[in-house]
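Source file: structure_13.pdb; contents: PDB, C-alpha atoms and all ligand atoms.
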ATOM      1  CA  MET A  44     145.493 127.552 104.339  1.00  0.00           C
ATOM      2  CA  SER A  45     142.970 125.880 106.609  1.00  0.00           C
ATOM      3  CA  GLN A  46     145.286 124.852 109.445  1.00  0.00           C
ATOM      4  CA  ASN A  47     146.229 128.309 110.585  1.00  0.00           C
ATOM      5  CA  GLU A  48     146.789 127.881 114.319  1.00  0.00           C
ATOM      6  CA  ARG A  49     150.128 129.399 115.298  1.00  0.00           C
ATOM      7  CA  THR A  50     152.323 129.055 118.367  1.00  0.00           C
ATOM      8  CA  PHE A  51     155.465 130.673 119.714  1.00  0.00           C
ATOM      9  CA  VAL A  52     158.509 128.435 120.203  1.00  0.00           C
ATOM     10  CA  MET A  53     161.948 129.429 121.436  1.00  0.00           C
ATOM     11  CA  ILE A  54     165.133 127.393 121.485  1.00  0.00           C
ATOM     12  CA  LYS A  55     166.758 128.540 124.736  1.00  0.00           C
ATOM     13  CA  PRO A  56     170.384 129.685 125.186  1.00  0.00           C
ATOM     14  CA  ASP A  57     171.562 126.307 126.562  1.00  0.00           C
ATOM     15  CA  ALA A  58     170.409 124.483 123.420  1.00  0.00           C
ATOM     16  CA  VAL A  59     171.860 127.148 121.118  1.00  0.00           C
ATOM     17  CA  GLN A  60     175.243 126.842 122.857  1.00  0.00           C
ATOM     18  CA  ARG A  61     175.047 123.058 122.620  1.00  0.00           C
ATOM     19  CA  GLY A  62     174.456 123.125 118.866  1.00  0.00           C
ATOM     20  CA  LEU A  63     170.943 121.687 118.953  1.00  0.00           C
ATOM     21  CA  ILE A  64     169.093 124.239 116.784  1.00  0.00           C
ATOM     22  CA  GLY A  65     169.038 122.068 113.674  1.00  0.00           C
ATOM     23  CA  GLN A  66     167.914 118.890 115.417  1.00  0.00           C
ATOM     24  CA  ILE A  67     165.091 120.684 117.211  1.00  0.00           C
ATOM     25  CA  ILE A  68     163.836 122.456 114.072  1.00  0.00           C
ATOM     26  CA  SER A  69     163.955 119.120 112.236  1.00  0.00           C
ATOM     27  CA  ARG A  70     161.534 117.577 114.701  1.00  0.00           C
ATOM     28  CA  PHE A  71     158.896 120.215 113.952  1.00  0.00           C
ATOM     29  CA  GLU A  72     159.510 119.981 110.195  1.00  0.00           C
ATOM     30  CA  ASP A  73     159.322 116.180 110.334  1.00  0.00           C
ATOM     31  CA  ARG A  74     156.005 116.333 112.162  1.00  0.00           C
ATOM     32  CA  GLY A  75     154.596 118.449 109.345  1.00  0.00           C
ATOM     33  CA  PHE A  76     154.441 121.851 110.970  1.00  0.00           C
ATOM     34  CA  THR A  77     155.142 125.002 108.963  1.00  0.00           C
ATOM     35  CA  LEU A  78     157.715 127.588 109.994  1.00  0.00           C
ATOM     36  CA  VAL A  79     156.223 131.050 109.439  1.00  0.00           C
ATOM     37  CA  GLY A  80     158.696 133.204 111.382  1.00  0.00           C
ATOM     38  CA  ALA A  81     162.193 132.916 112.838  1.00  0.00           C
ATOM     39  CA  LYS A  82     164.571 135.284 114.560  1.00  0.00           C
ATOM     40  CA  PHE A  83     168.029 134.528 115.956  1.00  0.00           C
ATOM     41  CA  MET A  84     168.434 137.113 118.683  1.00  0.00           C
ATOM     42  CA  GLN A  85     169.554 137.888 122.186  1.00  0.00           C
ATOM     43  CA  ILE A  86     166.714 138.800 124.552  1.00  0.00           C
ATOM     44  CA  ASP A  87     167.195 141.902 126.674  1.00  0.00           C
ATOM     45  CA  ASP A  88     166.255 142.169 130.335  1.00  0.00           C
ATOM     46  CA  GLU A  89     162.992 144.029 129.652  1.00  0.00           C
ATOM     47  CA  LEU A  90     161.689 141.503 127.129  1.00  0.00           C
ATOM     48  CA  ALA A  91     162.680 138.608 129.404  1.00  0.00           C
ATOM     49  CA  ARG A  92     160.721 140.071 132.314  1.00  0.00           C
ATOM     50  CA  GLU A  93     157.673 140.681 130.144  1.00  0.00           C
ATOM     51  CA  HIS A  94     157.779 137.239 128.532  1.00  0.00           C
ATOM     52  CA  TYR A  95     158.007 135.496 131.913  1.00  0.00           C
ATOM     53  CA  ALA A  96     155.800 137.999 133.828  1.00  0.00           C
ATOM     54  CA  GLU A  97     153.536 135.198 135.107  1.00  0.00           C
ATOM     55  CA  HIS A  98     156.514 133.877 137.097  1.00  0.00           C
ATOM     56  CA  GLU A  99     157.721 137.179 138.597  1.00  0.00           C
ATOM     57  CA  ASP A 100     156.807 136.170 142.148  1.00  0.00           C
ATOM     58  CA  LYS A 101     158.500 132.767 141.933  1.00  0.00           C
ATOM     59  CA  PRO A 102     161.814 132.191 143.730  1.00  0.00           C
ATOM     60  CA  PHE A 103     163.512 131.161 140.481  1.00  0.00           C
ATOM     61  CA  PHE A 104     162.464 134.298 138.545  1.00  0.00           C
ATOM     62  CA  GLU A 105     165.755 136.237 138.699  1.00  0.00           C
ATOM     63  CA  ASP A 106     167.775 133.156 137.733  1.00  0.00           C
ATOM     64  CA  LEU A 107     165.360 132.523 134.855  1.00  0.00           C
ATOM     65  CA  VAL A 108     165.782 136.086 133.545  1.00  0.00           C
ATOM     66  CA  SER A 109     169.586 135.811 133.819  1.00  0.00           C
ATOM     67  CA  PHE A 110     169.588 132.489 132.003  1.00  0.00           C
ATOM     68  CA  ILE A 111     167.296 133.457 129.140  1.00  0.00           C
ATOM     69  CA  THR A 112     169.311 136.665 128.470  1.00  0.00           C
ATOM     70  CA  ALA A 113     172.736 135.011 128.822  1.00  0.00           C
ATOM     71  CA  GLY A 114     173.131 134.097 125.142  1.00  0.00           C
ATOM     72  CA  PRO A 115     171.275 134.034 121.850  1.00  0.00           C
ATOM     73  CA  VAL A 116     167.973 132.228 121.364  1.00  0.00           C
ATOM     74  CA  MET A 117     166.133 131.045 118.261  1.00  0.00           C
ATOM     75  CA  ALA A 118     162.639 132.540 118.411  1.00  0.00           C
ATOM     76  CA  MET A 119     160.118 130.997 116.016  1.00  0.00           C
ATOM     77  CA  VAL A 120     156.481 130.844 115.034  1.00  0.00           C
ATOM     78  CA  TRP A 121     155.158 127.464 113.893  1.00  0.00           C
ATOM     79  CA  GLU A 122     151.823 126.821 112.223  1.00  0.00           C
ATOM     80  CA  GLY A 123     149.648 123.754 111.784  1.00  0.00           C
ATOM     81  CA  LYS A 124     146.809 121.644 113.109  1.00  0.00           C
ATOM     82  CA  ASP A 125     146.551 121.808 116.913  1.00  0.00           C
ATOM     83  CA  VAL A 126     150.118 123.144 116.892  1.00  0.00           C
ATOM     84  CA  THR A 127     150.151 124.752 120.357  1.00  0.00           C
ATOM     85  CA  ARG A 128     149.192 121.552 122.155  1.00  0.00           C
ATOM     86  CA  GLN A 129     151.211 119.284 119.873  1.00  0.00           C
ATOM     87  CA  VAL A 130     154.393 121.329 120.359  1.00  0.00           C
ATOM     88  CA  ARG A 131     153.941 121.085 124.133  1.00  0.00           C
ATOM     89  CA  ASN A 132     153.569 117.303 123.781  1.00  0.00           C
ATOM     90  CA  MET A 133     156.746 117.175 121.684  1.00  0.00           C
ATOM     91  CA  MET A 134     158.628 119.301 124.273  1.00  0.00           C
ATOM     92  CA  GLY A 135     157.796 117.065 127.229  1.00  0.00           C
ATOM     93  CA  ALA A 136     157.535 117.932 130.924  1.00  0.00           C
ATOM     94  CA  THR A 137     159.088 121.162 132.248  1.00  0.00           C
ATOM     95  CA  ASP A 138     161.741 119.197 134.171  1.00  0.00           C
ATOM     96  CA  PRO A 139     163.815 117.192 131.656  1.00  0.00           C
ATOM     97  CA  ALA A 140     164.421 114.583 134.357  1.00  0.00           C
ATOM     98  CA  GLU A 141     160.676 113.895 134.361  1.00  0.00           C
ATOM     99  CA  ALA A 142     160.156 114.289 130.610  1.00  0.00           C
ATOM    100  CA  ASP A 143     159.481 111.149 128.588  1.00  0.00           C
ATOM    101  CA  ILE A 144     162.286 109.841 126.404  1.00  0.00           C
ATOM    102  CA  GLY A 145     161.379 110.763 122.847  1.00  0.00           C
ATOM    103  CA  THR A 146     160.395 114.300 123.811  1.00  0.00           C
ATOM    104  CA  ILE A 147     162.758 117.211 123.168  1.00  0.00           C
ATOM    105  CA  ARG A 148     163.431 117.875 126.849  1.00  0.00           C
ATOM    106  CA  GLY A 149     163.628 114.167 127.613  1.00  0.00           C
ATOM    107  CA  ASP A 150     166.168 113.587 124.845  1.00  0.00           C
ATOM    108  CA  PHE A 151     168.276 116.746 125.108  1.00  0.00           C
ATOM    109  CA  GLY A 152     168.112 117.957 128.727  1.00  0.00           C
ATOM    110  CA  LEU A 153     168.941 116.980 132.299  1.00  0.00           C
ATOM    111  CA  ASP A 154     168.249 119.974 134.523  1.00  0.00           C
ATOM    112  CA  LEU A 155     165.033 121.932 135.253  1.00  0.00           C
ATOM    113  CA  SER A 156     166.623 125.345 134.796  1.00  0.00           C
ATOM    114  CA  ARG A 157     168.381 124.278 131.566  1.00  0.00           C
ATOM    115  CA  ASN A 158     165.399 122.801 129.791  1.00  0.00           C
ATOM    116  CA  VAL A 159     166.258 123.520 126.161  1.00  0.00           C
ATOM    117  CA  ILE A 160     163.009 124.911 124.769  1.00  0.00           C
ATOM    118  CA  HIS A 161     160.007 127.141 125.391  1.00  0.00           C
ATOM    119  CA  GLY A 162     156.562 126.745 123.859  1.00  0.00           C
ATOM    120  CA  SER A 163     153.393 128.722 124.504  1.00  0.00           C
ATOM    121  CA  ASP A 164     151.138 127.206 127.176  1.00  0.00           C
ATOM    122  CA  HIS A 165     148.184 125.514 125.453  1.00  0.00           C
ATOM    123  CA  GLU A 166     146.170 125.722 128.697  1.00  0.00           C
ATOM    124  CA  ASP A 167     146.487 129.524 128.773  1.00  0.00           C
ATOM    125  CA  PRO A 168     144.125 130.848 126.086  1.00  0.00           C
ATOM    126  CA  GLY A 169     145.771 133.625 124.143  1.00  0.00           C
ATOM    127  CA  ALA A 170     149.299 132.806 125.333  1.00  0.00           C
ATOM    128  CA  ASN A 171     150.380 131.922 121.786  1.00  0.00           C
ATOM    129  CA  GLU A 172     149.083 135.173 120.278  1.00  0.00           C
ATOM    130  CA  ARG A 173     150.486 137.245 123.151  1.00  0.00           C
ATOM    131  CA  GLU A 174     153.948 135.713 122.890  1.00  0.00           C
ATOM    132  CA  ILE A 175     154.044 135.914 119.080  1.00  0.00           C
ATOM    133  CA  GLY A 176     153.209 139.625 119.382  1.00  0.00           C
ATOM    134  CA  LEU A 177     155.942 140.151 121.945  1.00  0.00           C
ATOM    135  CA  PHE A 178     158.653 138.778 119.655  1.00  0.00           C
ATOM    136  CA  PHE A 179     157.418 139.431 116.110  1.00  0.00           C
ATOM    137  CA  ASP A 180     155.870 142.247 114.089  1.00  0.00           C
ATOM    138  CA  GLU A 181     153.128 141.125 111.719  1.00  0.00           C
ATOM    139  CA  ASP A 182     155.347 141.800 108.666  1.00  0.00           C
ATOM    140  CA  GLU A 183     157.998 139.420 110.026  1.00  0.00           C
ATOM    141  CA  LEU A 184     155.614 136.457 109.634  1.00  0.00           C
ATOM    142  CA  THR A 185     155.268 134.824 106.221  1.00  0.00           C
ATOM    143  CA  ASP A 186     152.136 133.111 104.948  1.00  0.00           C
ATOM    144  CA  TRP A 187     152.982 130.254 102.637  1.00  0.00           C
ATOM    145  CA  GLU A 188     151.753 126.804 101.725  1.00  0.00           C
ATOM    146  CA  GLN A 189     153.920 123.700 101.948  1.00  0.00           C
ATOM    147  CA  ILE A 190     153.766 121.458  98.882  1.00  0.00           C
ATOM    148  CA  ASP A 191     152.855 118.395 100.996  1.00  0.00           C
ATOM    149  CA  GLU A 192     149.758 119.886 102.622  1.00  0.00           C
ATOM    150  CA  ASP A 193     147.270 117.891 100.556  1.00  0.00           C
ATOM    151  CA  TRP A 194     148.927 114.704 101.819  1.00  0.00           C
ATOM    152  CA  LEU A 195     149.420 115.868 105.395  1.00  0.00           C
ATOM    153  CA  TYR A 196     145.818 116.909 105.986  1.00  0.00           C
ATOM    154  CA  GLU A 197     142.599 115.191 104.950  1.00  0.00           C
TER     155      GLU A 197
HETATM  156  P1  LIG B 201     157.139 125.504 130.904  1.00  0.00           P
HETATM  157  O1  LIG B 201     158.376 126.121 130.282  1.00  0.00           O
HETATM  158  O2  LIG B 201     157.127 124.009 130.781  1.00  0.00           O
HETATM  159  O3  LIG B 201     155.869 126.159 130.445  1.00  0.00           O
HETATM  160  P2  LIG B 201     156.799 126.973 133.394  1.00  0.00           P
HETATM  161  O4  LIG B 201     156.241 126.416 134.666  1.00  0.00           O
HETATM  162  O5  LIG B 201     155.947 127.944 132.634  1.00  0.00           O
HETATM  163  O6  LIG B 201     157.250 125.751 132.481  1.00  0.00           O
HETATM  164  O7  LIG B 201     158.181 127.669 133.768  1.00  0.00           O
HETATM  165  C1  LIG B 201     158.822 128.513 132.856  1.00  0.00           C
HETATM  166  C2  LIG B 201     160.300 128.212 132.891  1.00  0.00           C
HETATM  167  O8  LIG B 201     160.830 128.578 134.166  1.00  0.00           O
HETATM  168  C3  LIG B 201     160.661 126.736 132.736  1.00  0.00           C
HETATM  169  O9  LIG B 201     160.711 126.332 131.381  1.00  0.00           O
HETATM  170  C4  LIG B 201     162.034 126.693 133.390  1.00  0.00           C
HETATM  171  O10 LIG B 201     163.025 127.219 132.496  1.00  0.00           O
HETATM  172  C5  LIG B 201     161.864 127.666 134.533  1.00  0.00           C
HETATM  173  N1  LIG B 201     161.460 127.001 135.786  1.00  0.00           N
HETATM  174  C6  LIG B 201     160.228 126.542 136.101  1.00  0.00           C
HETATM  175  N2  LIG B 201     160.200 126.028 137.341  1.00  0.00           N
HETATM  176  C7  LIG B 201     161.451 126.173 137.830  1.00  0.00           C
HETATM  177  C8  LIG B 201     162.084 125.831 139.083  1.00  0.00           C
HETATM  178  O11 LIG B 201     161.457 125.298 140.005  1.00  0.00           O
HETATM  179  N3  LIG B 201     163.404 126.133 139.201  1.00  0.00           N
HETATM  180  C9  LIG B 201     164.117 126.745 138.202  1.00  0.00           C
HETATM  181  N4  LIG B 201     163.568 127.083 137.022  1.00  0.00           N
HETATM  182  C10 LIG B 201     162.262 126.801 136.823  1.00  0.00           C
HETATM  183 MG    MG B 202     154.966 127.978 130.805  1.00  0.00          MG
END

Let me see whether you can do it: turn the structure in this file into structure tokens.
Amino acid sequence: MSQNERTFVMIKPDAVQRGLIGQIISRFEDRGFTLVGAKFMQIDDELAREHYAEHEDKPFFEDLVSFITAGPVMAMVWEGKDVTRQVRNMMGATDPAEADIGTIRGDFGLDLSRNVIHGSDHEDPGANEREIGLFFDEDELTDWEQIDEDWLYE
């Protein structure tokens, strides 16, 4: 497989509760990306603090930790060409009120602290690998080739 960039994506507790898992996964499948890992789980306090460590000094940090641990999430690893940046484009701006219509946050969210989805920051080199490692062991990721790859990629 030549397009082996991977990124970490998480459907947040608000979207799980609102029954949006299927619609969100469909968007990534429709785009052509390959699902290589998935885990339906509830994040504990320690993992939440580690995952969002870059925000620990922000005023919203404690609320963010409470929110992300309040219910189950769908943690995933997606693979494909330029996937980290493309997933961020598909997610839209952090605040759903500012996100373009057609993006996941713009179509499914209204409030900054209930913004539906997380994706690794493409402007932070290594964020994707770091976050994948935080949520998945190597043997929980599956290498496979989609049958449409010859038609998806030149
Ligand atoms: P991102 O999720 O688009 O990468 P970040 O700035 O990394 O945005 O923030 C991480 C998460 O923290 C956001 O997705 C959102 O859930 C939450 N967050 C960010 N800024 C605020 C805020 O000002 N108030 C409340 N929550 C916030
Ligand atoms: Mg971020």

Practice item. Using the chain letters and numbers from the file, give me the residues hit by the PyMOL selection byres (((chain A and resi 166-183) around 6) and not hetatm), as an MDAnalysis selection string. Key: chainID A and resid 50:51 163:165 184

Write the selection just made, keeping C-alpha atoms, as a PDB file, in the frame of the given file?
ATOM      1  CA  THR A  50     152.323 129.055 118.367  1.00  0.00           C
ATOM      2  CA  PHE A  51     155.465 130.673 119.714  1.00  0.00           C
ATOM      3  CA  SER A 163     153.393 128.722 124.504  1.00  0.00           C
ATOM      4  CA  ASP A 164     151.138 127.206 127.176  1.00  0.00           C
ATOM      5  CA  HIS A 165     148.184 125.514 125.453  1.00  0.00           C
ATOM      6  CA  LEU A 184     155.614 136.457 109.634  1.00  0.00           C
TER       7      LEU A 184
END

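Counting from atom CA of Pro102 of chain A, the distance to atom CA of Glu89 of chain A is 18.4 Å.
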
Review point. Taking the file as shown, what set of residues would the PyMOL selection byres (((chain A and resi 188) around 12) and not hetatm) give back, as a list in words?
Key: Met44, Ser45, Gln46, Asn47, Gly75, Phe76, Thr77, Leu78, Val79, Glu122, Gly123, Thr185, Asp186, Trp187, Gln189, Ile190, Asp191, Glu192, Asp193 and Leu195 of chain A

Review point. What residues come out when you apply the PyMOL selection byres (((chain A and resi 127) around 7) and not hetatm) to this file, written as a ChimeraX atom specification?
Key: /A:49-50,125-126,128-131,163,165

Next, dump the selected residues to file, keeping only C-alpha atoms, as a short mmCIF file (atom, residue, chain, number, x, y, z; two decimals), in the frame of the given file.
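Contents of the output file part.cif:
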data_model
loop_
_atom_site.label_atom_id
_atom_site.label_comp_id
_atom_site.auth_asym_id
_atom_site.auth_seq_id
_atom_site.Cartn_x
_atom_site.Cartn_y
_atom_site.Cartn_z
CA ARG A 49 150.13 129.40 115.30
CA THR A 50 152.32 129.06 118.37
CA ASP A 125 146.55 121.81 116.91
CA VAL A 126 150.12 123.14 116.89
CA ARG A 128 149.19 121.55 122.16
CA GLN A 129 151.21 119.28 119.87
CA VAL A 130 154.39 121.33 120.36
CA ARG A 131 153.94 121.08 124.13
CA SER A 163 153.39 128.72 124.50
CA HIS A 165 148.18 125.51 125.45
#

Review point. Using all atoms listed in the file, which residue out of A:Leu107, A:Ile64, A:Ile147, A:Leu153 lies closest to ligand LIG 201 (chain B)?
Key: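 Once distances to ligand LIG 201 (chain B) are computed over all atoms listed in the file, the minimum belongs to A:Leu107.
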
Check your understanding: Skipping near chain neighbours, those fewer than 2 positions away, what residues fall within 6 Å of Ile160 of chain A using all atoms listed in the file, listed as a ChimeraX atom specification?
Key -> /A:53-55,158

Exercise for review: Could you check which of A:Arg61, A:Ala118, A:Phe71, A:Glu141 is closest to Ile86 of chain A, using all atoms listed in the file?
Suggested key: A:Ala118

Exercise for review: Choose the residue, out of A:Asn132, A:Gln85, A:Gln60, A:Thr146, that has the smallest atom-to-atom separation from Val116 of chain A; count all atoms listed in the file.
Suggested key: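 Closest to Val116 of chain A, using all atoms listed in the file: A:Gln85.
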
Exercise for review: Measure the distance from atom CA of Arg74 of chain A to atom CA of Trp121 of chain A in Å and round it to one decimal.
Suggested key: 11.3 Å

Would you place a box with edges along x, y and z of the file around all atoms of segment 69-88 of chain A listed there, add 6 Å to each of its six sides, and report the centre and edge lengths in Å to one decimal, as AutoDock Vina command-line options?
--center_x 162.0 --center_y 129.2 --center_z 119.6 --size_x 27.1 --size_y 38.0 --size_z 33.4

Practice item. Would you work out the distance separating atom CA of His94 of chain A from atom C7 of ligand LIG 201 (chain B), expressed in Å to one decimal? Key: 14.9 Å

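Of the listed residues (A:Met119, A:Leu63, A:Val159, A:Phe104), A:Met119 comes nearest to Ala81 of chain A; the distances count all atoms listed in the file.
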
Review point. Between A:Phe110, A:Ala96, A:Glu72, A:Pro115, which one has atoms that come closest to ligand MG 202 (chain B), using only C-alpha atoms and all ligand atoms?
Key: A:Ala96
